[in-house]
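Trainee: My structure file run.txt, compact mmCIF, C-alpha atoms, is below:
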```txt
# COMPACT_ATOMS: atom_id res chain seq x y z
CA MET A 1 -24.56 -11.11 36.85
CA PRO A 2 -26.38 -13.08 34.11
CA PRO A 3 -29.15 -11.35 32.26
CA SER A 4 -32.61 -11.97 33.69
CA ARG A 5 -34.87 -14.39 31.84
CA PRO A 6 -38.57 -13.90 31.19
CA ALA A 7 -40.75 -15.93 33.53
CA ASP A 8 -41.86 -18.21 30.72
CA ALA A 9 -38.48 -18.54 29.04
CA GLY A 10 -38.16 -22.16 29.99
CA ARG A 11 -41.51 -23.15 28.60
CA ARG A 12 -41.91 -24.79 25.27
CA GLU A 13 -44.86 -23.66 23.21
CA GLU A 14 -47.09 -26.44 21.93
CA SER A 15 -47.49 -26.52 18.20
CA VAL A 16 -51.09 -27.59 17.61
CA PRO A 17 -52.82 -27.29 14.23
CA LEU A 18 -55.88 -25.09 14.45
CA ASN A 19 -58.19 -27.90 13.37
CA THR A 20 -56.86 -30.37 15.96
CA PRO A 21 -59.06 -30.94 19.04
CA ARG A 22 -57.26 -30.37 22.33
CA SER A 23 -57.87 -32.31 25.50
CA ASP A 24 -58.31 -29.11 27.49
CA GLY A 25 -60.65 -27.16 25.24
CA PRO A 26 -63.11 -27.12 22.37
CA ARG A 27 -62.30 -27.70 18.74
CA ILE A 28 -60.99 -24.54 17.09
CA ARG A 29 -61.80 -23.89 13.47
CA GLU A 30 -59.61 -21.66 11.37
CA LEU A 31 -61.58 -18.86 9.74
CA ALA A 32 -61.00 -17.66 6.24
CA GLU A 33 -60.10 -14.03 5.65
CA ILE A 34 -63.02 -11.74 6.52
CA GLY A 35 -64.75 -10.48 3.39
CA GLY A 36 -68.12 -9.56 1.99
CA ARG A 37 -69.22 -13.21 1.91
CA THR A 38 -68.17 -14.03 5.48
CA ASP A 39 -71.02 -15.10 7.76
CA THR A 40 -72.30 -12.07 9.68
CA ARG A 41 -72.06 -13.98 12.95
CA ASP A 42 -68.33 -14.52 12.41
CA VAL A 43 -67.72 -10.88 11.53
CA LEU A 44 -69.55 -9.81 14.70
CA ALA A 45 -68.25 -12.51 17.03
CA HIS A 46 -66.32 -10.03 19.19
CA ALA A 47 -69.39 -7.79 19.43
CA THR A 48 -71.39 -10.79 20.68
CA LYS A 49 -68.78 -11.46 23.35
CA GLN A 50 -68.94 -7.81 24.36
CA ALA A 51 -72.72 -8.09 24.58
CA GLU A 52 -72.45 -11.12 26.87
CA ARG A 53 -70.01 -9.35 29.20
CA GLU A 54 -71.26 -5.77 29.15
CA TYR A 55 -74.81 -5.15 28.00
CA ASP A 56 -76.84 -8.32 27.54
CA ASP A 57 -79.54 -6.96 29.85
CA TYR A 58 -79.74 -3.56 28.11
CA PHE A 59 -82.66 -2.64 25.87
CA ILE A 60 -80.90 -1.62 22.62
CA VAL A 61 -82.23 0.07 19.50
CA ASP A 62 -80.01 0.66 16.48
CA ILE A 63 -81.33 3.80 14.80
CA ASP A 64 -79.30 3.61 11.60
CA ALA A 65 -78.53 0.45 9.65
CA HIS A 66 -78.72 -0.06 5.91
CA VAL A 67 -80.66 -2.47 3.73
CA SER A 68 -78.22 -2.30 0.78
CA GLU A 69 -81.21 -2.25 -1.52
CA ASP A 70 -78.95 -2.22 -4.57
CA HIS A 71 -78.25 -5.92 -3.89
CA PHE A 72 -81.96 -6.50 -4.56
CA TRP A 73 -82.40 -3.71 -7.08
CA GLY A 74 -84.34 -5.84 -9.55
CA GLU A 75 -86.95 -6.47 -6.85
CA VAL A 76 -87.31 -2.73 -6.25
CA LEU A 77 -87.50 -1.86 -9.95
CA GLU A 78 -90.27 -4.41 -10.47
CA LEU A 79 -92.41 -2.48 -7.96
CA ILE A 80 -92.26 0.84 -9.84
CA ASP A 81 -95.88 1.86 -10.38
CA ASN A 82 -95.19 3.82 -13.58
CA ASP A 83 -95.12 1.52 -16.63
CA VAL A 84 -92.71 3.68 -18.61
CA TRP A 85 -90.14 4.14 -15.84
CA ARG A 86 -90.39 0.49 -14.83
CA GLN A 87 -89.62 -0.58 -18.41
CA ILE A 88 -86.72 1.88 -18.68
CA GLY A 89 -85.33 0.78 -15.32
CA MET A 90 -85.57 -2.93 -16.04
CA ASP A 91 -84.03 -2.42 -19.48
CA GLN A 92 -81.05 -0.56 -17.94
CA PHE A 93 -80.79 -3.15 -15.18
CA GLY A 94 -80.61 -6.02 -17.62
CA LYS A 95 -78.34 -4.51 -20.27
CA PHE A 96 -75.74 -2.13 -18.92
CA ALA A 97 -76.49 -0.29 -15.65
CA GLY A 98 -77.13 -3.26 -13.36
CA ASN A 99 -77.57 -2.17 -9.75
CA ASN A 100 -77.16 1.48 -10.77
CA ALA A 101 -80.21 1.48 -13.06
CA LEU A 102 -82.04 4.85 -12.87
CA LEU A 103 -79.77 6.00 -10.03
CA ASN A 104 -77.46 9.02 -10.22
CA ILE A 105 -74.43 7.25 -8.75
CA GLN A 106 -71.26 8.11 -10.64
CA PRO A 107 -69.33 4.85 -11.29
CA GLY A 108 -65.72 5.14 -10.22
CA MET A 109 -66.34 8.22 -8.07
CA SER A 110 -67.14 6.62 -4.73
CA HIS A 111 -63.61 5.65 -3.61
CA GLN A 112 -65.02 4.23 -0.39
CA SER A 113 -63.62 0.79 -1.11
CA VAL A 114 -60.03 2.08 -1.51
CA GLY A 115 -59.32 -0.28 -4.37
CA GLY A 116 -61.27 -3.08 -2.74
CA ARG A 117 -59.30 -3.00 0.52
CA ILE A 118 -62.23 -1.69 2.57
CA GLY A 119 -65.50 -3.57 2.33
CA HIS A 120 -68.58 -1.43 1.90
CA GLN A 121 -72.25 -1.44 0.95
CA GLY A 122 -73.67 -4.59 2.43
CA ARG A 123 -72.97 -8.26 2.84
CA LYS A 124 -73.21 -11.03 0.26
CA GLU A 125 -72.90 -14.08 2.48
CA PRO A 126 -74.40 -17.38 1.28
CA LEU A 127 -77.81 -17.98 2.85
CA ASP A 128 -78.73 -21.28 1.24
CA GLY A 129 -81.33 -23.13 3.23
CA VAL A 130 -82.24 -20.11 5.36
CA SER A 131 -85.93 -19.27 5.23
CA GLY A 132 -87.24 -15.84 4.31
CA HIS A 133 -85.78 -12.97 2.33
CA PRO A 134 -81.95 -13.03 2.29
CA PHE A 135 -81.70 -9.47 3.60
CA VAL A 136 -83.97 -10.28 6.54
CA ALA A 137 -82.02 -13.45 7.31
CA ALA A 138 -78.70 -11.56 7.31
CA ALA A 139 -80.21 -8.67 9.31
CA ARG A 140 -81.51 -11.10 11.92
CA ARG A 141 -78.02 -12.57 12.29
CA GLY A 142 -76.64 -9.06 12.74
CA MET A 143 -79.25 -8.03 15.31
CA ASP A 144 -78.71 -11.19 17.34
CA ALA A 145 -74.92 -10.92 17.17
CA MET A 146 -74.84 -7.27 18.27
CA GLY A 147 -77.49 -7.75 20.96
CA LEU A 148 -80.15 -5.50 19.41
CA ASP A 149 -83.83 -5.50 20.32
CA TYR A 150 -84.76 -3.38 17.28
CA GLN A 151 -82.98 -2.12 14.20
CA VAL A 152 -84.15 0.80 12.03
CA VAL A 153 -83.13 0.42 8.39
CA PHE A 154 -82.41 3.10 5.79
CA PRO A 155 -81.66 2.86 2.07
CA SER A 156 -78.05 3.07 0.87
CA ALA A 157 -77.63 3.63 -2.86
CA MET A 158 -80.70 5.90 -2.85
CA LEU A 159 -79.13 8.41 -0.46
CA LEU A 160 -77.95 10.51 -3.41
CA LEU A 161 -81.36 10.80 -5.09
CA GLY A 162 -81.84 14.32 -3.77
CA MET A 163 -79.33 15.45 -6.40
CA HIS A 164 -80.89 13.46 -9.25
CA PRO A 165 -81.52 15.74 -12.27
CA GLN A 166 -84.96 14.14 -12.80
CA ASP A 167 -87.33 14.65 -9.88
CA GLU A 168 -89.76 12.09 -11.30
CA VAL A 169 -87.11 9.38 -10.93
CA GLU A 170 -86.81 10.09 -7.20
CA VAL A 171 -90.60 9.82 -6.99
CA VAL A 172 -90.93 6.46 -8.75
CA LEU A 173 -87.94 4.94 -6.95
CA GLY A 174 -89.08 6.30 -3.60
CA ARG A 175 -92.53 4.81 -4.02
CA ALA A 176 -91.08 1.49 -5.19
CA PHE A 177 -88.60 1.31 -2.29
CA ASN A 178 -91.35 2.04 0.23
CA ARG A 179 -93.43 -0.78 -1.24
CA TRP A 180 -90.46 -3.16 -1.14
CA LEU A 181 -89.69 -2.18 2.46
CA THR A 182 -93.26 -2.46 3.75
CA GLU A 183 -94.45 -5.41 1.66
CA VAL A 184 -91.34 -7.58 1.42
CA VAL A 185 -88.87 -6.79 4.21
CA LEU A 186 -90.55 -5.48 7.37
CA PRO A 187 -93.38 -8.04 7.63
CA GLN A 188 -90.84 -10.86 7.98
CA ASP A 189 -89.38 -9.68 11.31
CA ASP A 190 -91.04 -7.23 13.68
CA ARG A 191 -87.66 -6.35 15.19
CA LEU A 192 -86.89 -4.54 11.93
CA LYS A 193 -88.42 -1.09 11.61
CA GLY A 194 -88.35 1.40 8.75
CA MET A 195 -88.15 5.10 8.10
CA LEU A 196 -90.33 5.87 5.07
CA TYR A 197 -88.36 7.39 2.18
CA LEU A 198 -89.72 10.86 1.28
CA PRO A 199 -88.98 12.11 -2.29
CA TYR A 200 -88.44 15.57 -0.85
CA ASN A 201 -88.01 17.34 -4.19
CA THR A 202 -91.74 16.73 -4.78
CA PRO A 203 -93.61 17.83 -1.62
CA GLU A 204 -97.08 16.74 -2.73
CA VAL A 205 -95.90 13.15 -3.17
CA CYS A 206 -94.31 13.26 0.29
CA GLU A 207 -97.69 14.28 1.71
CA GLU A 208 -99.39 11.43 -0.14
CA LEU A 209 -96.90 8.90 1.23
CA VAL A 210 -97.18 10.13 4.83
CA GLU A 211 -100.95 9.75 4.66
CA LYS A 212 -100.75 6.37 2.91
CA TYR A 213 -98.43 4.77 5.47
CA ALA A 214 -99.66 6.59 8.58
CA ASP A 215 -101.00 3.40 10.18
CA ASN A 216 -98.25 1.01 9.05
CA GLU A 217 -96.76 -0.49 12.22
CA GLY A 218 -93.40 -1.15 10.59
CA ILE A 219 -92.92 2.53 9.69
CA ILE A 220 -91.87 4.43 12.80
CA GLY A 221 -90.76 7.67 11.15
CA TYR A 222 -89.97 9.49 7.93
CA THR A 223 -86.60 10.18 6.35
CA VAL A 224 -85.24 12.82 4.03
CA CYS A 225 -81.85 12.26 2.43
CA SER A 226 -79.91 15.38 3.42
CA THR A 227 -77.78 15.47 0.27
CA ARG A 228 -79.89 17.99 -1.60
CA ASN A 229 -80.25 21.75 -2.03
CA ASN A 230 -83.86 22.28 -0.96
CA PRO A 231 -84.39 24.99 1.68
CA VAL A 232 -86.14 23.14 4.49
CA HIS A 233 -87.98 26.27 5.60
CA SER A 234 -89.77 26.71 2.26
CA ASP A 235 -93.53 27.16 2.52
CA VAL A 236 -94.03 24.27 0.07
CA TYR A 237 -93.37 21.92 3.00
CA THR A 238 -95.84 23.45 5.45
CA ARG A 239 -98.56 20.82 4.99
CA LEU A 240 -96.01 17.98 5.01
CA TYR A 241 -94.55 19.06 8.35
CA LYS A 242 -98.00 19.42 9.85
CA LEU A 243 -98.94 15.90 8.72
CA ILE A 244 -95.76 14.46 10.23
CA GLU A 245 -96.20 16.44 13.44
CA ASP A 246 -99.76 15.15 13.82
CA SER A 247 -98.59 11.57 13.21
CA GLY A 248 -96.44 11.68 16.32
CA LYS A 249 -93.58 10.09 14.39
CA PRO A 250 -90.19 11.80 13.94
CA LEU A 251 -88.70 13.31 10.81
CA ALA A 252 -85.09 12.27 10.21
CA PHE A 253 -82.51 13.84 7.93
CA HIS A 254 -79.88 11.28 6.92
CA SER A 255 -76.69 12.91 5.69
CA GLY A 256 -74.41 11.77 2.89
CA TYR A 257 -71.97 12.93 0.24
CA HIS A 258 -72.00 14.02 -3.39
CA TRP A 259 -68.93 14.37 -5.61
CA GLY A 260 -70.90 16.56 -8.00
CA ASP A 261 -71.52 19.29 -5.42
CA PRO A 262 -69.38 22.30 -6.47
CA SER A 263 -68.56 23.09 -2.84
CA PHE A 264 -66.59 19.86 -2.65
CA ALA A 265 -64.85 20.14 -6.03
CA GLN A 266 -61.47 20.74 -4.36
CA LEU A 267 -61.47 17.47 -2.39
CA ASN A 268 -59.43 14.61 -3.83
CA ARG A 269 -59.89 11.84 -1.23
CA PHE A 270 -62.97 10.12 0.12
CA LEU A 271 -61.44 10.61 3.58
CA SER A 272 -61.84 14.36 3.09
CA MET A 273 -65.33 13.97 1.67
CA HIS A 274 -66.43 11.76 4.55
CA ALA A 275 -65.03 14.18 7.13
CA LEU A 276 -66.82 17.23 5.73
CA SER A 277 -69.84 16.33 3.65
CA PHE A 278 -71.63 14.22 6.24
CA THR A 279 -71.70 17.21 8.58
CA HIS A 280 -72.06 19.87 5.88
CA TYR A 281 -75.57 19.02 4.69
CA ASN A 282 -77.08 18.57 8.12
CA GLN A 283 -75.48 21.79 9.35
CA ILE A 284 -77.16 23.69 6.52
CA HIS A 285 -80.56 22.12 7.19
CA VAL A 286 -80.34 22.63 10.96
CA THR A 287 -79.33 26.27 10.45
CA ASN A 288 -82.23 26.96 8.10
CA TRP A 289 -84.64 25.08 10.35
CA ILE A 290 -83.75 27.14 13.40
CA ILE A 291 -83.08 30.60 11.97
CA ASN A 292 -86.41 30.49 10.13
CA ALA A 293 -88.18 29.59 13.38
CA MET A 294 -89.47 26.19 12.28
CA PRO A 295 -89.39 24.88 15.88
CA GLU A 296 -91.81 27.68 16.79
CA ARG A 297 -94.12 26.81 13.89
CA PHE A 298 -94.00 23.04 14.53
CA PRO A 299 -93.17 22.66 18.22
CA ARG A 300 -94.30 19.02 18.45
CA LEU A 301 -92.36 17.82 15.41
CA LYS A 302 -89.55 15.53 16.56
CA MET A 303 -86.39 16.15 14.53
CA VAL A 304 -83.61 13.53 14.24
CA TRP A 305 -80.25 14.16 12.56
CA VAL A 306 -78.57 11.00 11.31
CA GLU A 307 -74.99 9.93 10.45
CA SER A 308 -73.17 13.19 11.03
CA GLY A 309 -71.30 12.23 14.18
CA LEU A 310 -71.26 14.58 17.16
CA ALA A 311 -68.36 17.04 16.85
CA TRP A 312 -70.33 19.47 14.68
CA ILE A 313 -73.16 19.92 17.19
CA PRO A 314 -71.45 22.08 19.86
CA PHE A 315 -69.70 24.04 17.10
CA LEU A 316 -72.99 24.94 15.44
CA MET A 317 -74.70 25.68 18.76
CA GLN A 318 -72.04 28.21 19.73
CA ARG A 319 -71.73 29.67 16.24
CA LEU A 320 -75.46 30.26 15.78
CA ASP A 321 -75.88 31.67 19.30
CA HIS A 322 -73.11 34.16 18.58
CA GLU A 323 -74.62 35.27 15.27
CA VAL A 324 -78.17 35.58 16.61
CA LEU A 325 -77.00 37.73 19.50
CA MET A 326 -75.15 39.95 17.02
CA ARG A 327 -78.00 40.19 14.46
CA PRO A 328 -81.29 39.36 16.22
CA SER A 329 -83.35 41.25 13.63
CA GLU A 330 -82.60 38.49 11.11
CA ALA A 331 -84.16 35.83 13.32
CA PRO A 332 -87.31 37.59 14.56
CA GLY A 333 -89.28 34.40 15.05
CA LEU A 334 -87.00 32.98 17.72
CA THR A 335 -87.93 33.12 21.40
CA ARG A 336 -84.84 31.22 22.54
CA LEU A 337 -81.21 30.91 21.54
CA PRO A 338 -80.45 28.45 18.70
CA SER A 339 -78.56 26.17 21.09
CA GLU A 340 -81.69 25.76 23.18
CA TYR A 341 -83.68 24.57 20.17
CA MET A 342 -80.86 22.20 19.26
CA LYS A 343 -81.04 20.68 22.75
CA ASP A 344 -84.61 19.64 21.94
CA MET A 345 -83.53 17.72 18.82
CA TRP A 346 -82.16 14.18 18.63
CA TYR A 347 -78.89 13.03 17.11
CA THR A 348 -77.52 9.60 16.21
CA SER A 349 -74.15 8.53 17.51
CA GLN A 350 -72.34 7.16 14.46
CA PRO A 351 -69.63 7.98 13.48
CA MET A 352 -68.66 9.06 16.97
CA GLU A 353 -65.41 11.04 17.08
CA ARG A 354 -63.35 9.58 19.97
CA THR A 355 -59.81 10.86 19.54
CA SER A 356 -60.28 13.20 22.52
CA MET A 357 -62.40 11.99 25.44
CA GLU A 358 -62.29 15.49 26.92
CA LEU A 359 -63.82 17.07 23.80
CA LEU A 360 -66.32 14.25 23.37
CA GLU A 361 -67.51 14.58 26.96
CA ALA A 362 -67.86 18.36 26.66
CA GLY A 363 -69.72 18.04 23.37
CA MET A 364 -72.14 15.43 24.69
CA LYS A 365 -72.79 17.56 27.74
CA ALA A 366 -73.51 20.58 25.52
CA PHE A 367 -76.53 18.97 23.82
CA ASN A 368 -77.70 16.81 26.74
CA ALA A 369 -76.67 13.51 25.21
CA GLU A 370 -78.16 11.57 28.10
CA THR A 371 -81.65 12.38 26.81
CA GLN A 372 -81.02 13.42 23.17
CA LEU A 373 -78.49 10.93 21.76
CA LEU A 374 -79.60 7.76 19.95
CA TYR A 375 -77.27 4.83 19.37
CA SER A 376 -76.66 3.91 15.74
CA SER A 377 -74.36 1.32 14.21
CA ASP A 378 -74.38 2.18 10.48
CA TRP A 379 -74.02 -1.57 9.96
CA PRO A 380 -72.94 -3.04 7.58
CA HIS A 381 -70.86 -0.11 6.31
CA TRP A 382 -67.11 0.00 6.81
CA ASP A 383 -67.10 2.43 9.76
CA TRP A 384 -69.86 0.80 11.83
CA ASP A 385 -69.98 1.12 15.64
CA ALA A 386 -70.91 -1.64 18.09
CA PRO A 387 -72.96 -0.87 21.23
CA SER A 388 -69.70 -1.03 23.20
CA THR A 389 -68.90 2.34 21.62
CA ILE A 390 -71.36 3.70 24.20
CA THR A 391 -70.86 1.32 27.13
CA ARG A 392 -67.11 1.98 27.20
CA LEU A 393 -67.32 5.76 27.48
CA PRO A 394 -65.81 6.37 30.94
CA PHE A 395 -67.71 9.57 31.73
CA LEU A 396 -71.26 8.24 31.18
CA SER A 397 -73.41 7.07 34.06
CA GLU A 398 -75.10 3.68 33.91
CA GLN A 399 -78.46 5.35 33.29
CA ALA A 400 -77.03 7.54 30.52
CA LYS A 401 -75.69 4.44 28.74
CA ARG A 402 -79.07 2.72 28.95
CA ASN A 403 -80.84 5.85 27.70
CA ILE A 404 -78.54 6.32 24.71
CA LEU A 405 -78.54 2.65 23.73
CA GLY A 406 -82.30 2.26 23.72
CA LEU A 407 -84.53 4.12 26.13
CA ASN A 408 -84.25 7.46 24.31
CA ALA A 409 -85.24 5.73 21.07
CA ALA A 410 -88.23 4.11 22.76
CA ARG A 411 -89.42 7.57 23.71
CA VAL A 412 -88.82 9.13 20.28
CA PHE A 413 -90.20 6.25 18.21
CA ASN A 414 -92.91 5.03 20.58
CA LEU A 415 -91.38 1.55 20.94
CA PRO A 416 -92.17 -0.96 23.71
CA THR A 417 -89.14 -1.74 25.88
CA ASP A 418 -89.66 -5.45 26.47
CA ARG A 419 -86.73 -7.70 25.57
CA ARG A 420 -86.84 -8.96 21.97
CA LYS A 421 -83.35 -10.40 21.43
CA PRO A 422 -81.92 -13.81 22.31
CA ALA A 423 -79.30 -14.08 25.04
CA ALA A 424 -75.78 -13.39 23.79
CA ARG A 425 -74.61 -16.68 25.29
CA SER A 426 -77.07 -18.63 23.18
CA VAL A 427 -75.93 -16.80 20.03
CA LEU A 428 -72.32 -17.77 20.77
CA HIS A 429 -73.29 -21.36 21.49
CA GLU A 430 -74.91 -21.69 18.08
CA ARG A 431 -71.44 -21.62 16.49
CA PRO A 432 -69.13 -23.45 18.92
CA GLY A 433 -65.46 -23.27 18.09
CA VAL A 434 -66.04 -20.32 15.76
CA SER A 435 -66.96 -17.44 17.99
```
Go ahead and render the structure in this file as structure tokens.
Mentor:
Amino acid sequence: MPPSRPADAGRREESVPLNTPRSDGPRIRELAEIGGRTDTRDVLAHATKQAEREYDDYFIVDIDAHVSEDHFWGEVLELIDNDVWRQIGMDQFGKFAGNNALLNIQPGMSHQSVGGRIGHQGRKEPLDGVSGHPFVAAARRGMDAMGLDYQVVFPSAMLLLGMHPQDEVEVVLGRAFNRWLTEVVLPQDDRLKGMLYLPYNTPEVCEELVEKYADNEGIIGYTVCSTRNNPVHSDVYTRLYKLIEDSGKPLAFHSGYHWGDPSFAQLNRFLSMHALSFTHYNQIHVTNWIINAMPERFPRLKMVWVESGLAWIPFLMQRLDHEVLMRPSEAPGLTRLPSEYMKDMWYTSQPMERTSMELLEAGMKAFNAETQLLYSSDWPHWDWDAPSTITRLPFLSEQAKRNILGLNAARVFNLPTDRRKPAARSVLHERPGVS
């Protein structure tokens, strides 16, 4: 008996150059290799198709994206309000430090790019002829392509400032960044929202900034970079927390990494650093916050924990419950178990650990993800997550998906839920033959 042939074995494949129009379809244009200068809409073309098919009618808020302020570092340095530090910063910027001027980034110690094979830290696409600030133009492309109604932006290079040896540098850069964000970036698109940078090592300046920007419509919360050693329960922050609580806006702790932290001195790969450090700092701050009864002292203060993923949350809930039940005298201010306080906090989704759906489902159930989880993309960093990360979870109800992708954020950040984005189909049609 002769061997069976595939059903299409007798067909002859047409050899058609990619740039040749076909009679039965649109012109196809060959794309260059994706890189840092590739148009955002091309990078996100698949996400736009997902939006059209799966969630075009969802209200979506991205809680964590990054402005890559180091690409516009000269603009930020020019806004430093201290003459001496501005001169020092601009001198470093122009002569030898470039985009690292005044920062405590250790050149050669990031390793995130893996020798340039993994793109990181923002996009550098040409934006000739596009009106407005180049970051805003690129961000608008990203929001439209991913199907976002709002996007909340955080700094990037400044996330290590909590470990800077000079507290006054964090102050002057924090003030300058906040000016740049509120005077240059946010006014150009009301779909972009900001979390005010708090130079947490100097509490009195944090208080000043909260009061100064209390009525700024673009600022919908306050952020502390978690990579620092300050005890969050210290009495020096009492007035700051009260001011934030009274504002009705949330306080977010955005995690990160630091090669100079002695606790990570044994790690020799960024993979290891990324796995541990981004949960490490937020675990410490959450533990101190709860065990020292801060939720009892500031019950209306909305706490958001950013860019630590989800796997650590059920671990810490169970671990702290166990310890408190064993040693309740060391947590006398608590009226509930630590896990119950953690269920009142909010967490952002990225980077969501998805290697085990069973564990992910159990973990999300443990902290009531349907009401407490906020979608975040971490765009444009290398490990970003599209909204389909949420819509394709098989165990979530339709309402849970809508809550996580936007409705929870509307409640936390006091955002209107009317549609702000263009239809995904129209975004695709703007670049026919490409997307």
Trainee: With distances taken over all atoms listed in the file, which of A:Met146, A:Ile105, A:Val286, A:Leu428 is nearest to Tyr58 in chain A?
Mentor: A:Met146
Trainee: What are the closest atom pairs, with distances in Å to one decimal, for all residues of range 232-342 of chain A lying within 12 Å of range 184-204 of chain A? Consider all atoms listed in the file, order rows by chain and residue number, and present the result as a tab-separated table.
Mentor:
```
residue	atom	partner	partner_atom	distance
A:Val232	CA	A:Tyr200	CA	9.5
A:Ser234	CA	A:Pro203	CA	10.4
A:Asp235	CA	A:Pro203	CA	10.2
A:Val236	CA	A:Pro203	CA	6.7
A:Tyr237	CA	A:Pro203	CA	6.2
A:Thr238	CA	A:Pro203	CA	9.3
A:Arg239	CA	A:Pro203	CA	8.8
A:Leu240	CA	A:Pro203	CA	7.1
A:Tyr241	CA	A:Pro203	CA	10.1
A:Leu243	CA	A:Glu204	CA	11.6
A:Ile244	CA	A:Leu198	CA	11.4
A:Lys249	CA	A:Met195	CA	9.7
A:Pro250	CA	A:Met195	CA	9.1
A:Leu251	CA	A:Met195	CA	8.7
A:Ala252	CA	A:Met195	CA	8.1
A:Phe253	CA	A:Leu198	CA	10.3
A:His254	CA	A:Met195	CA	10.4
A:Val304	CA	A:Met195	CA	11.4
A:Val306	CA	A:Met195	CA	11.7
```
Trainee: Generate the output file for the selected residues, C-alpha atoms, as an mmCIF file, in the frame of the given file.
Mentor:
```cif
data_model
loop_
_atom_site.group_PDB
_atom_site.id
_atom_site.type_symbol
_atom_site.label_atom_id
_atom_site.label_comp_id
_atom_site.auth_asym_id
_atom_site.auth_seq_id
_atom_site.Cartn_x
_atom_site.Cartn_y
_atom_site.Cartn_z
ATOM 1 C CA VAL A 232 -86.140 23.140 4.490
ATOM 2 C CA SER A 234 -89.770 26.710 2.260
ATOM 3 C CA ASP A 235 -93.530 27.160 2.520
ATOM 4 C CA VAL A 236 -94.030 24.270 0.070
ATOM 5 C CA TYR A 237 -93.370 21.920 3.000
ATOM 6 C CA THR A 238 -95.840 23.450 5.450
ATOM 7 C CA ARG A 239 -98.560 20.820 4.990
ATOM 8 C CA LEU A 240 -96.010 17.980 5.010
ATOM 9 C CA TYR A 241 -94.550 19.060 8.350
ATOM 10 C CA LEU A 243 -98.940 15.900 8.720
ATOM 11 C CA ILE A 244 -95.760 14.460 10.230
ATOM 12 C CA LYS A 249 -93.580 10.090 14.390
ATOM 13 C CA PRO A 250 -90.190 11.800 13.940
ATOM 14 C CA LEU A 251 -88.700 13.310 10.810
ATOM 15 C CA ALA A 252 -85.090 12.270 10.210
ATOM 16 C CA PHE A 253 -82.510 13.840 7.930
ATOM 17 C CA HIS A 254 -79.880 11.280 6.920
ATOM 18 C CA VAL A 304 -83.610 13.530 14.240
ATOM 19 C CA VAL A 306 -78.570 11.000 11.310
#
```
Trainee: Out of A:Ser349, A:Gly256, A:Lys95, A:Ser376, which residue has the shortest atom-to-atom distance to Met364 in chain A when counting only C-alpha atoms?
Mentor: A:Ser349
Trainee: Could you jot down the CA of Pro338 in chain A to CA of Val324 in chain A separation for me, Å, one decimal place?
Mentor: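 Spanning CA of Pro338 in chain A to CA of Val324 in chain A is a straight-line distance of 7.8 Å.
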Trainee: For the atom pair CA of Trp259 in chain A and CA of His381 in chain A, what is the interatomic distance in Å to one decimal place?
Mentor: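 Separation of CA of Trp259 in chain A and CA of His381 in chain A: 18.9 Å.
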Trainee: Between CA of Leu161 in chain A and CA of Gly74 in chain A, what is the spacing in Å?
Mentor: 17.5 Å
Trainee: Between A:Arg179, A:Arg140, A:His429, A:Lys365, which has the minimum distance to Ala400 in chain A (counting all atoms listed in the file)?
Mentor: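 Smallest separation from Ala400 in chain A among the options: A:Lys365.
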Trainee: Kindly list the centre and edge lengths in Å, rounded to one decimal, for the axis-aligned box that covers all listed atoms of range 79-88 of chain A plus 3 Å on each of its six sides, as lines of an AutoDock Vina configuration file.
Mentor:
```
center_x = -91.3
center_y = 0.8
center_z = -13.3
size_x = 15.2
size_y = 12.6
size_z = 16.7
```
Trainee: I'd like the neighbourhood of Glu296 in chain A as a ChimeraX atom specification, where a residue qualifies if any of its atoms comes within 12 Å (using only C-alpha atoms), though same-chain residues fewer than 5 positions away should be ignored.
Mentor: /A:233,289-291,301,331-336,338,341,344
Trainee: Please determine the residues with any atom at most 12 Å from (-94.7, 3.1, -15.6) (coordinates as given in the file, with all atoms listed in the file counting) and report them as a ChimeraX atom specification.
Mentor: /A:77-90,168-169,171-173,175-176
Trainee: Which residue gives the smallest distance to Asn414 in chain A among A:Gly132, A:Gly218, A:Pro351, A:Gly115, with all atoms listed in the file counted?
Mentor: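 Answer, going by the shortest atom-to-atom distance: A:Gly218.
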Trainee: Pull the closest atom pair for each residue of range 397-435 of chain A that gets at most 10 Å from range 383-388 of chain A, along with the distance in Å to one decimal, counting all atoms listed in the file, ordering rows by chain and then ascending residue number, as JSON lines.
Mentor:
```
{"residue": "A:Lys401", "atom": "CA", "partner": "A:Pro387", "partner_atom": "CA", "distance": 9.6}
{"residue": "A:Ile404", "atom": "CA", "partner": "A:Pro387", "partner_atom": "CA", "distance": 9.7}
{"residue": "A:Leu405", "atom": "CA", "partner": "A:Pro387", "partner_atom": "CA", "distance": 7.1}
```
Trainee: Kindly indicate which residue among A:Val136, A:Ile34, A:Ala145, A:Thr227 lies nearest to Ala423 in chain A, using all atoms listed in the file for the distances.
Mentor: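 For Ala423 in chain A, the nearest of the candidates is A:Ala145.
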Trainee: Find, counting all atoms listed in the file, the residue in A:Glu207, A:Asp42, A:Asp62, A:Asp261 that gets nearest to Gln350 in chain A.
Mentor: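 Among the listed residues, the smallest separation from Gln350 in chain A belongs to A:Asp62.
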Trainee: Tell me, as a VMD selection string, which residues lie within 12 Å of Ala275 in chain A, counting only C-alpha atoms; anything in the same chain fewer than 5 positions away does not count.
Mentor: chain A and resid 255 to 257 264 267 269 to 270 280 to 281 307 to 312 351 to 353
